[in-house]
Amino acid sequence: MLDPDHGKITWSVSHLGYSTYYGQFAGLSGTLQLDPKAPEKSRLEVTVPLGGVMTGSARLNEHLAAPDFFDTAKFPNATFTATKVEPTSPTTARITGDLNLRGTVRPFAIDATFNQAGIHPVDQRYTVGFDGRAVIKRSDFGINAYLPQLGDEVSLRIEGEFKAAP
């Protein structure tokens, strides 16, 4: 299972061309069934609580939860379900699947890097760690507020530590 304290997504978007704005989602949940000898048989499902967006501004957090962005009253979570894991090197893979954001499902791909696996020194549980990168177009999911001034492409940096069941 995904360790909610060590699973997060940091996102960035062009802010009117003046700067690159960063925010983060934390509190992710998910499961990973990893077969190291046959990574293509691995399964991954992750849920992202959209109401937990963190920008450093309470006012902006509230605006992002509103209907013109995430509409968290109707769509409290985004989900990703992997349909294919394709190794690209001994420590990298392309994970493709379906991203459900605001009730719209689109193909989505993550370029993942394996960090390490082993017994975690703090909790003594077997842990597997990954980093990932991806880009989405927010307009593909009906998030059109302030286009084109506010960037359409959103870069994602994904971090995750998965723990073996206790």
# chains A, B, ... in the order shown; residues from 1 in each chain; ligands from 1
>>> select_by_dssp(residues="chain A", states="helix (DSSP H, G or I)", output="PyMOL selection string")
chain A and resi 4-6+39-41+50-52+58-65+138-141
>>> write_last_selection(atoms="C-alpha atoms", output="mmCIF file, in the first residue's frame")
data_model
loop_
_atom_site.group_PDB
_atom_site.id
_atom_site.type_symbol
_atom_site.label_atom_id
_atom_site.label_comp_id
_atom_site.auth_asym_id
_atom_site.auth_seq_id
_atom_site.Cartn_x
_atom_site.Cartn_y
_atom_site.Cartn_z
ATOM 1 C CA PRO A 4 0.290 8.415 2.659
ATOM 2 C CA ASP A 5 3.103 10.272 4.435
ATOM 3 C CA HIS A 6 5.516 9.572 1.576
ATOM 4 C CA PRO A 39 7.228 -5.987 -14.114
ATOM 5 C CA GLU A 40 4.728 -6.056 -16.966
ATOM 6 C CA LYS A 41 2.418 -8.073 -14.687
ATOM 7 C CA LEU A 50 -8.214 16.963 -4.803
ATOM 8 C CA GLY A 51 -9.520 18.939 -1.830
ATOM 9 C CA GLY A 52 -6.106 18.624 -0.232
ATOM 10 C CA ALA A 58 -5.628 29.455 1.504
ATOM 11 C CA ARG A 59 -7.535 31.654 -0.956
ATOM 12 C CA LEU A 60 -6.005 29.906 -3.967
ATOM 13 C CA ASN A 61 -6.599 26.474 -2.422
ATOM 14 C CA GLU A 62 -10.301 27.377 -2.138
ATOM 15 C CA HIS A 63 -10.405 28.677 -5.708
ATOM 16 C CA LEU A 64 -8.843 25.476 -7.054
ATOM 17 C CA ALA A 65 -11.557 23.475 -5.245
ATOM 18 C CA ARG A 138 -5.873 20.377 -18.035
ATOM 19 C CA SER A 139 -8.231 21.250 -20.880
ATOM 20 C CA ASP A 140 -8.446 17.512 -21.703
ATOM 21 C CA PHE A 141 -10.302 17.178 -18.390
#
>>> residues_around(residues="A:Thr81", least_positions_apart="2", cutoff="9 Å", atoms="only C-alpha atoms", output="PyMOL selection string")
chain A and resi 43-47+79+83+96-100
>>> residues_around(residues="stretch 144-151 of chain A", least_positions_apart="5", cutoff="7 Å", atoms="only C-alpha atoms", output="MDAnalysis selection string")
chainID A and resid 13:16 68:69 138:139
>>> write_last_selection(atoms="C-alpha atoms", output="PDB file, in the first residue's frame")
ATOM      1  CA  VAL A  13       1.955  25.404 -14.417  1.00  0.00           C
ATOM      2  CA  SER A  14       2.819  28.606 -16.254  1.00  0.00           C
ATOM      3  CA  HIS A  15       1.241  31.543 -14.418  1.00  0.00           C
ATOM      4  CA  LEU A  16       0.309  34.069 -17.111  1.00  0.00           C
ATOM      5  CA  ASP A  68     -14.033  26.253 -12.579  1.00  0.00           C
ATOM      6  CA  PHE A  69     -11.049  24.111 -11.518  1.00  0.00           C
ATOM      7  CA  ARG A 138      -5.873  20.377 -18.035  1.00  0.00           C
ATOM      8  CA  SER A 139      -8.231  21.250 -20.880  1.00  0.00           C
TER       9      SER A 139
END
>>> closest_residue(among="A:Arg94, A:Lys8, A:Arg106, A:Arg125", to="A:Gly27", atoms="only C-alpha atoms")
A:Lys8
>>> closest_residue(among="A:Asp152, A:Asp3, A:Glu159, A:Asp111", to="A:Ile136", atoms="only C-alpha atoms")
A:Asp152
